[in-house]
Number of protein chains: 2
Amino acid sequence: LKIGEIATPALLVDLDAMESNLNGMAAFFRDKVCKLRPHFKNHKTPMLAWKQIRAGAIGITCATLREAEILVQHGIDSILIANEIACDTKAERLAELSRLASVVVALDSQCVAKDLARAQRDRNTQIEAVIDIDIGLNRCGVESVEAALDLAKFAAGEGLRVRGIMGYDGHLQSVPQSAERDELIRRGSRTLVDAASLVEGAGIPVSIVTTGGTGTHAVSGVYPGITDIQAGSYLLMDTIYLNRGARFQRSLTVLATVISARSGHAVLDCGVKAISAERGMPALKDCPGAELKTLHAEHALISIDPGSAGGTLQVGQRVEVWVQYSDATMNLHSRFYGVRNGQVEEIYRIEH
Amino acid sequence: LKIGEIATPALLVDLDAMESNLNGMAAFFRDKVCKLRPHFKNHKTPMLAWKQIRAGAIGITCATLREAEILVQHGIDSILIANEIACDTKAERLAELSRLASVVVALDSQCVAKDLARAQRDRNTQIEAVIDIDIGLNRCGVESVEAALDLAKFAAGEGLRVRGIMGYDGHLQSVPQSAERDELIRRGSRTLVDAASLVEGAGIPVSIVTTGGTGTHAVSGVYPGITDIQAGSYLLMDTIYLNRGARFQRSLTVLATVISARSGHAVLDCGVKAISAERGMPALKDCPGAELKTLHAEHALISIDPGSAGGTLQVGQRVEVWVQYSDATMNLHSRFYGVRNGQVEEIYRIEH
């Protein structure tokens, strides 16, 4: 299959860039005590999760119970759901899944601990949890190391297997590197390690102290006591992360076709149903003088500088658009095409 | 199935509201010369397209060749692709589809007319087209009635069956009703009818002069010479359209579960992967004192006024979020639940 034969709009990944990112992150962790537990929510692609495990990852992180179920279906047996779940039916699904693989879930409330304990008794299995601490993102998690200790003791008392501590420094992923930012990252890591010590002091063995993302891994990944980092964006990258100064290469584009053109103006067959603008407007790749101005549901509207060297866009011509926000864009597709030297080498299935 | 048993996040439609919208729009067109050809791109749900046809629609409008293929697979035999397609393989797919149903495609360039003519010869079939005129949206379409006439003659000369004229007044859908806005809508309709007269004068019979949407149908739907209106949003509605003063009821919500809560703060398990914020932030339904502040990929962050009568949100509690932009939100789901009086009456499959 040649790129010219793919029906548009379609998601492409540059395999050279992706492999460089894969190997670069693996090299970072190779000589570290801390290991990589990469996030699945970003690519939702079991074949890529397996590439990450073969490159040294100790397991896979995910955001939802559904993603954990997909991972288990694809033979991955060490999973962290780095997010809270709530309600009886999800507790039951998690208990069922725990019979098949090691699945650790984030926990920040007693009421969910009780639901999980009931579900594991009903299914005669063992649910594993990490206590989630809010280290500044202001999303989920308990608010102090003392609250984490209390919840760990409560959950263990209910019969859950408490594996340790997690906290996500999502608010720092987008902050450019500086001494102050690095100190904030270390402060978050310190909170997690402190909580882990308290929990161990209470006689609950701690094997997981997990945090971090692509933007912060270089600091939290060398903080003593942190066991693993949940970075996910590094593999495919998007324009947001690139702008944040990360050292990985963006690899994702949406391939589109010019469906209408006139002087100074062209329209592509990709809108917000094919490429996300939730975190800013995507940009055209290799189209000097042309600028993507607006996304409709199924259209991208392009303005062309008539004096530019790039000249015009012709109806039928193919154009690539850099993915600005990979997480939400992958979610719009059911497959993507791995390309190298203008050829499609692999077709990856995205699971939902 | 009770609403409480649906796994979250999930898309719900209030059947009373949807049926009121369905019947209200059908009643508008019942005594008109102009008819309804409702847009499929909004709901992507063949069962709803069939409801619209049973309520009097003369066919279905869609945005992509893929949607036309889905409609044909579901037995709908009169389809308008109100959008340009380009490239050989799509021309061939359209030719193939034209063997199975009446599929009319929008056309705004000679080069695509040639591709379509070649494809219909190769497949021994007849492709039908309408000439697309830009009536102010500044997206696709030729720029004048003279250009429309030229392209109609060219396309007919190539052997395509030119059925008439289309133009979409998308730029006016969001403008509040006023005498000036209505005059702009009529000006667009007049352009289309003028072009149709020119084309008929050149000996090409015109049976379709199509335009309009939910926001403009009341004006363009009574303009003499307009044969049909492509409104789609009216059926399910969303908060954007409601804010534009349309007389239909919003029917769509995303059902979510509170997965984390503390004083003044709660987190739902629905982010931009379940509900679009591409056209503004969605709002909570029936949660006085609580406000949806931010959407992450899988989370909605809620701020709660501690002094409000609504009080707090509890972990495990279910909350509905009004869909702000239905087009992009339907695109994130593979099914939705039709509810009435707290019960699930129907489960609709969304086709992608």
# chains A, B, ... in the order shown; residues from 1 in each chain; ligands from 1
>>> select_by_dssp(residues="range 123-312 of chain B", states="strand (DSSP E or B)", output="PyMOL selection string")
chain B and resi 128-133+142+161-166+208-211+228-229+252-262+265-268+284-285+290-295+300-304
>>> closest_atom_pairs(of="chain B", to="chain A", cutoff="6 Å", atoms="only C-alpha atoms", output="tab-separated table")
residue	atom	partner	partner_atom	distance
B:Glu84	CA	A:Ile259	CA	5.8
B:Ile85	CA	A:Ile259	CA	5.8
B:Ala86	CA	A:Gly316	CA	5.2
B:Cys87	CA	A:Gly316	CA	5.3
B:Cys140	CA	A:Ser260	CA	5.6
B:Ile259	CA	A:Ala86	CA	5.4
B:Ser260	CA	A:Cys140	CA	5.7
B:Glu278	CA	A:Glu278	CA	5.6
B:Gly316	CA	A:Ala86	CA	5.2
>>> write_last_selection(atoms="N, CA and C atoms", output="PDB file, in the first residue's frame")
ATOM      1  N   GLU B  84     -18.045  18.041  -1.460  1.00  0.00           N
ATOM      2  CA  GLU B  84     -17.194  17.625  -2.565  1.00  0.00           C
ATOM      3  C   GLU B  84     -16.417  16.361  -2.198  1.00  0.00           C
ATOM      4  N   ILE B  85     -16.179  15.514  -3.175  1.00  0.00           N
ATOM      5  CA  ILE B  85     -15.212  14.443  -2.982  1.00  0.00           C
ATOM      6  C   ILE B  85     -14.139  14.610  -4.054  1.00  0.00           C
ATOM      7  N   ALA B  86     -12.934  14.115  -3.765  1.00  0.00           N
ATOM      8  CA  ALA B  86     -11.856  14.217  -4.750  1.00  0.00           C
ATOM      9  C   ALA B  86     -10.983  12.986  -4.648  1.00  0.00           C
ATOM     10  N   CYS B  87     -10.423  12.602  -5.727  1.00  0.00           N
ATOM     11  CA  CYS B  87      -9.480  11.505  -5.929  1.00  0.00           C
ATOM     12  C   CYS B  87     -10.142  10.299  -6.588  1.00  0.00           C
ATOM     13  N   CYS B 140     -16.641  25.573   0.458  1.00  0.00           N
ATOM     14  CA  CYS B 140     -16.581  25.017  -0.895  1.00  0.00           C
ATOM     15  C   CYS B 140     -17.561  25.764  -1.798  1.00  0.00           C
ATOM     16  N   ILE B 259     -16.372  10.227  40.193  1.00  0.00           N
ATOM     17  CA  ILE B 259     -15.353   9.253  40.599  1.00  0.00           C
ATOM     18  C   ILE B 259     -14.475   9.777  41.727  1.00  0.00           C
ATOM     19  N   SER B 260     -14.561  11.058  42.022  1.00  0.00           N
ATOM     20  CA  SER B 260     -13.761  11.632  43.098  1.00  0.00           C
ATOM     21  C   SER B 260     -14.478  12.880  43.586  1.00  0.00           C
ATOM     22  N   GLU B 278     -15.315  21.318  21.496  1.00  0.00           N
ATOM     23  CA  GLU B 278     -14.771  22.044  20.340  1.00  0.00           C
ATOM     24  C   GLU B 278     -15.534  23.348  20.071  1.00  0.00           C
ATOM     25  N   GLY B 316     -19.783   8.054  43.161  1.00  0.00           N
ATOM     26  CA  GLY B 316     -20.745   7.051  42.720  1.00  0.00           C
ATOM     27  C   GLY B 316     -22.037   7.649  42.187  1.00  0.00           C
TER      28      GLY B 316
END
>>> residues_around(residues="range 66-75 of chain B", least_positions_apart="3", cutoff="9 Å", atoms="only C-alpha atoms", output="JSON, numbers by chain")
{"B": [40, 41, 44, 46, 47, 49, 60, 61, 62, 63, 78, 79, 80, 81, 93, 94, 97, 100, 101, 103, 351, 352]}
>>> residues_around(residues="Leu1 in chain B", least_positions_apart="3", cutoff="10 Å", atoms="only C-alpha atoms", output="ChimeraX atom specification")
/B:4-6,337,339,342-347
>>> residues_around(residues="Glu96 in chain B", least_positions_apart="3", cutoff="9 Å", atoms="only C-alpha atoms", output="VMD selection string")
chain B and resid 91 to 93 99 to 100 119 to 120 123 125
>>> write_last_selection(atoms="all heavy atoms", output="PDB file, in the first residue's frame")
ATOM      1  N   ALA B  91     -13.963   8.472  -6.455  1.00  0.00           N
ATOM      2  CA  ALA B  91     -14.820   8.504  -7.640  1.00  0.00           C
ATOM      3  C   ALA B  91     -15.306   7.098  -7.971  1.00  0.00           C
ATOM      4  O   ALA B  91     -16.482   6.883  -8.291  1.00  0.00           O
ATOM      5  CB  ALA B  91     -14.058   9.118  -8.813  1.00  0.00           C
ATOM      6  N   GLU B  92     -14.400   6.126  -7.850  1.00  0.00           N
ATOM      7  CA  GLU B  92     -14.794   4.737  -8.138  1.00  0.00           C
ATOM      8  C   GLU B  92     -15.801   4.215  -7.118  1.00  0.00           C
ATOM      9  O   GLU B  92     -16.762   3.527  -7.482  1.00  0.00           O
ATOM     10  CB  GLU B  92     -13.549   3.836  -8.163  1.00  0.00           C
ATOM     11  CG  GLU B  92     -12.720   4.034  -9.423  1.00  0.00           C
ATOM     12  CD  GLU B  92     -11.293   3.544  -9.268  1.00  0.00           C
ATOM     13  OE1 GLU B  92     -11.036   2.674  -8.408  1.00  0.00           O
ATOM     14  OE2 GLU B  92     -10.419   4.066 -10.005  1.00  0.00           O
ATOM     15  N   ARG B  93     -15.577   4.534  -5.845  1.00  0.00           N
ATOM     16  CA  ARG B  93     -16.545   4.091  -4.821  1.00  0.00           C
ATOM     17  C   ARG B  93     -17.912   4.732  -5.059  1.00  0.00           C
ATOM     18  O   ARG B  93     -18.948   4.095  -4.883  1.00  0.00           O
ATOM     19  CB  ARG B  93     -16.023   4.447  -3.423  1.00  0.00           C
ATOM     20  CG  ARG B  93     -14.984   3.470  -2.891  1.00  0.00           C
ATOM     21  CD  ARG B  93     -14.211   4.026  -1.694  1.00  0.00           C
ATOM     22  NE  ARG B  93     -15.075   4.388  -0.583  1.00  0.00           N
ATOM     23  CZ  ARG B  93     -14.640   5.051   0.500  1.00  0.00           C
ATOM     24  NH1 ARG B  93     -13.370   5.421   0.614  1.00  0.00           N
ATOM     25  NH2 ARG B  93     -15.471   5.350   1.472  1.00  0.00           N
ATOM     26  N   ARG B  99     -24.704   2.475  -8.564  1.00  0.00           N
ATOM     27  CA  ARG B  99     -25.380   1.309  -9.145  1.00  0.00           C
ATOM     28  C   ARG B  99     -26.481   0.798  -8.219  1.00  0.00           C
ATOM     29  O   ARG B  99     -27.349   0.038  -8.636  1.00  0.00           O
ATOM     30  CB  ARG B  99     -24.369   0.180  -9.402  1.00  0.00           C
ATOM     31  CG  ARG B  99     -23.269   0.566 -10.374  1.00  0.00           C
ATOM     32  CD  ARG B  99     -22.188  -0.499 -10.446  1.00  0.00           C
ATOM     33  NE  ARG B  99     -22.704  -1.740 -10.980  1.00  0.00           N
ATOM     34  CZ  ARG B  99     -22.644  -2.094 -12.253  1.00  0.00           C
ATOM     35  NH1 ARG B  99     -22.055  -1.301 -13.138  1.00  0.00           N
ATOM     36  NH2 ARG B  99     -23.143  -3.224 -12.648  1.00  0.00           N
ATOM     37  N   LEU B 100     -26.412   1.189  -6.944  1.00  0.00           N
ATOM     38  CA  LEU B 100     -27.313   0.635  -5.926  1.00  0.00           C
ATOM     39  C   LEU B 100     -28.410   1.600  -5.490  1.00  0.00           C
ATOM     40  O   LEU B 100     -29.427   1.182  -4.937  1.00  0.00           O
ATOM     41  CB  LEU B 100     -26.503   0.237  -4.679  1.00  0.00           C
ATOM     42  CG  LEU B 100     -25.342  -0.736  -4.907  1.00  0.00           C
ATOM     43  CD1 LEU B 100     -24.528  -0.893  -3.633  1.00  0.00           C
ATOM     44  CD2 LEU B 100     -25.877  -2.089  -5.357  1.00  0.00           C
ATOM     45  N   ALA B 119     -14.967   7.481 -13.919  1.00  0.00           N
ATOM     46  CA  ALA B 119     -15.394   6.382 -13.033  1.00  0.00           C
ATOM     47  C   ALA B 119     -16.737   5.810 -13.481  1.00  0.00           C
ATOM     48  O   ALA B 119     -16.942   4.595 -13.450  1.00  0.00           O
ATOM     49  CB  ALA B 119     -15.472   6.882 -11.591  1.00  0.00           C
ATOM     50  N   GLN B 120     -17.660   6.669 -13.884  1.00  0.00           N
ATOM     51  CA  GLN B 120     -18.977   6.138 -14.284  1.00  0.00           C
ATOM     52  C   GLN B 120     -18.872   5.361 -15.595  1.00  0.00           C
ATOM     53  O   GLN B 120     -19.607   4.383 -15.792  1.00  0.00           O
ATOM     54  CB  GLN B 120     -20.035   7.240 -14.355  1.00  0.00           C
ATOM     55  CG  GLN B 120     -19.931   8.172 -15.541  1.00  0.00           C
ATOM     56  CD  GLN B 120     -21.127   9.122 -15.632  1.00  0.00           C
ATOM     57  OE1 GLN B 120     -21.920   9.233 -14.702  1.00  0.00           O
ATOM     58  NE2 GLN B 120     -21.246   9.817 -16.755  1.00  0.00           N
ATOM     59  N   ARG B 123     -17.435   1.937 -14.706  1.00  0.00           N
ATOM     60  CA  ARG B 123     -18.369   1.070 -13.967  1.00  0.00           C
ATOM     61  C   ARG B 123     -19.707   0.953 -14.685  1.00  0.00           C
ATOM     62  O   ARG B 123     -20.644   0.374 -14.146  1.00  0.00           O
ATOM     63  CB  ARG B 123     -18.614   1.640 -12.566  1.00  0.00           C
ATOM     64  CG  ARG B 123     -17.344   1.863 -11.769  1.00  0.00           C
ATOM     65  CD  ARG B 123     -16.891   0.607 -11.069  1.00  0.00           C
ATOM     66  NE  ARG B 123     -15.523   0.776 -10.584  1.00  0.00           N
ATOM     67  CZ  ARG B 123     -15.027   0.138  -9.549  1.00  0.00           C
ATOM     68  NH1 ARG B 123     -15.752  -0.720  -8.872  1.00  0.00           N
ATOM     69  NH2 ARG B 123     -13.775   0.314  -9.185  1.00  0.00           N
ATOM     70  N   THR B 125     -22.171   3.083 -15.173  1.00  0.00           N
ATOM     71  CA  THR B 125     -23.276   3.580 -14.354  1.00  0.00           C
ATOM     72  C   THR B 125     -23.441   5.073 -14.606  1.00  0.00           C
ATOM     73  O   THR B 125     -22.771   5.640 -15.478  1.00  0.00           O
ATOM     74  CB  THR B 125     -23.012   3.283 -12.858  1.00  0.00           C
ATOM     75  OG1 THR B 125     -24.125   3.736 -12.094  1.00  0.00           O
ATOM     76  CG2 THR B 125     -21.750   3.950 -12.359  1.00  0.00           C
TER      77      THR B 125
END
>>> residues_around(residues="Val209 in chain A", least_positions_apart="2", cutoff="6 Å", atoms="only C-alpha atoms", output="number ranges by chain")
A: 164-166, 226-227
>>> closest_residue(among="A:Ser233, A:Thr45, A:Ser189, A:Thr211", to="Gln249 in chain A", atoms="only C-alpha atoms")
A:Ser233
>>> closest_residue(among="B:Ile350, B:Met237, B:Ala256, B:Leu313", to="Ile3 in chain B", atoms="only C-alpha atoms")
B:Ala256
>>> residues_around(residues="Thr239 in chain A", least_positions_apart="6", cutoff="7 Å", atoms="only C-alpha atoms", output="NGL selection string")
:A and (250 or 322-325)
>>> decode(residues="range 271-299 of chain A", atoms="N, CA, C and O atoms", output="compact mmCIF listing (two decimals), in the first residue's frame")
# COMPACT_ATOMS: atom_id res chain seq x y z
N GLY A 271 -11.96 17.52 9.36
CA GLY A 271 -12.43 18.49 10.34
C GLY A 271 -12.24 17.93 11.73
O GLY A 271 -11.43 17.02 11.94
N VAL A 272 -13.02 18.43 12.67
CA VAL A 272 -12.84 17.99 14.07
C VAL A 272 -13.28 16.55 14.28
O VAL A 272 -13.02 15.99 15.34
N LYS A 273 -13.91 15.93 13.29
CA LYS A 273 -14.21 14.50 13.41
C LYS A 273 -12.99 13.64 13.08
O LYS A 273 -13.01 12.43 13.30
N ALA A 274 -11.94 14.26 12.52
CA ALA A 274 -10.73 13.51 12.17
C ALA A 274 -9.48 14.01 12.88
O ALA A 274 -8.49 13.28 12.96
N ILE A 275 -9.52 15.23 13.37
CA ILE A 275 -8.33 15.78 14.06
C ILE A 275 -8.81 16.76 15.14
O ILE A 275 -9.63 17.63 14.87
N SER A 276 -8.32 16.57 16.35
CA SER A 276 -8.82 17.36 17.46
C SER A 276 -8.22 18.76 17.47
O SER A 276 -7.03 18.95 17.24
N ALA A 277 -9.08 19.74 17.76
CA ALA A 277 -8.61 21.10 18.03
C ALA A 277 -8.92 21.49 19.47
O ALA A 277 -8.95 22.67 19.82
N GLU A 278 -9.13 20.47 20.34
CA GLU A 278 -9.49 20.75 21.74
C GLU A 278 -8.36 21.46 22.48
O GLU A 278 -8.60 22.09 23.50
N ARG A 279 -7.12 21.32 22.00
CA ARG A 279 -6.00 21.98 22.68
C ARG A 279 -5.27 22.91 21.72
O ARG A 279 -4.07 23.12 21.82
N GLY A 280 -6.01 23.48 20.74
CA GLY A 280 -5.40 24.41 19.81
C GLY A 280 -5.49 23.92 18.38
O GLY A 280 -5.73 22.75 18.12
N MET A 281 -5.29 24.84 17.45
CA MET A 281 -5.46 24.55 16.03
C MET A 281 -4.25 23.78 15.49
O MET A 281 -3.11 24.19 15.70
N PRO A 282 -4.47 22.67 14.83
CA PRO A 282 -3.35 21.95 14.20
C PRO A 282 -2.76 22.78 13.04
O PRO A 282 -3.39 23.71 12.55
N ALA A 283 -1.54 22.39 12.63
CA ALA A 283 -0.85 23.14 11.57
C ALA A 283 -0.54 22.22 10.39
O ALA A 283 -0.34 21.01 10.56
N LEU A 284 -0.49 22.81 9.20
CA LEU A 284 -0.14 22.05 8.00
C LEU A 284 1.33 21.66 8.03
O LEU A 284 2.19 22.41 8.51
N LYS A 285 1.63 20.49 7.45
CA LYS A 285 3.02 20.04 7.32
C LYS A 285 3.51 20.36 5.91
O LYS A 285 2.82 20.03 4.94
N ASP A 286 4.65 20.97 5.80
CA ASP A 286 5.29 21.20 4.50
C ASP A 286 4.40 21.93 3.50
O ASP A 286 4.32 21.55 2.34
N CYS A 287 3.71 22.97 3.93
CA CYS A 287 2.90 23.79 3.03
C CYS A 287 3.25 25.25 3.22
O CYS A 287 2.47 26.01 3.81
N PRO A 288 4.44 25.68 2.76
CA PRO A 288 4.81 27.08 2.96
C PRO A 288 3.79 28.03 2.33
O PRO A 288 3.32 27.79 1.22
N GLY A 289 3.43 29.06 3.06
CA GLY A 289 2.49 30.04 2.54
C GLY A 289 1.04 29.68 2.77
O GLY A 289 0.15 30.50 2.53
N ALA A 290 0.78 28.44 3.21
CA ALA A 290 -0.60 28.02 3.47
C ALA A 290 -0.80 27.86 4.97
O ALA A 290 0.09 27.37 5.66
N GLU A 291 -1.96 28.26 5.45
CA GLU A 291 -2.22 28.19 6.88
C GLU A 291 -3.61 27.63 7.15
O GLU A 291 -4.58 28.06 6.53
N LEU A 292 -3.67 26.67 8.06
CA LEU A 292 -4.96 26.12 8.45
C LEU A 292 -5.63 27.13 9.40
O LEU A 292 -5.09 27.46 10.45
N LYS A 293 -6.80 27.60 9.01
CA LYS A 293 -7.45 28.68 9.75
C LYS A 293 -8.60 28.20 10.63
O LYS A 293 -8.78 28.70 11.74
N THR A 294 -9.41 27.28 10.13
CA THR A 294 -10.64 26.90 10.81
C THR A 294 -10.92 25.44 10.55
O THR A 294 -10.70 24.95 9.45
N LEU A 295 -11.43 24.74 11.57
CA LEU A 295 -11.93 23.38 11.37
C LEU A 295 -13.44 23.37 11.54
O LEU A 295 -13.96 23.82 12.56
N HIS A 296 -14.14 22.86 10.53
CA HIS A 296 -15.56 22.53 10.67
C HIS A 296 -15.62 21.05 11.03
O HIS A 296 -14.60 20.41 11.28
N ALA A 297 -16.84 20.49 11.05
CA ALA A 297 -16.95 19.08 11.42
C ALA A 297 -16.15 18.19 10.47
O ALA A 297 -15.43 17.29 10.90
N GLU A 298 -16.26 18.45 9.17
CA GLU A 298 -15.62 17.58 8.18
C GLU A 298 -14.65 18.33 7.27
O GLU A 298 -14.18 17.77 6.28
N HIS A 299 -14.40 19.59 7.54
CA HIS A 299 -13.58 20.42 6.65
C HIS A 299 -12.50 21.15 7.43
O HIS A 299 -12.72 21.59 8.55
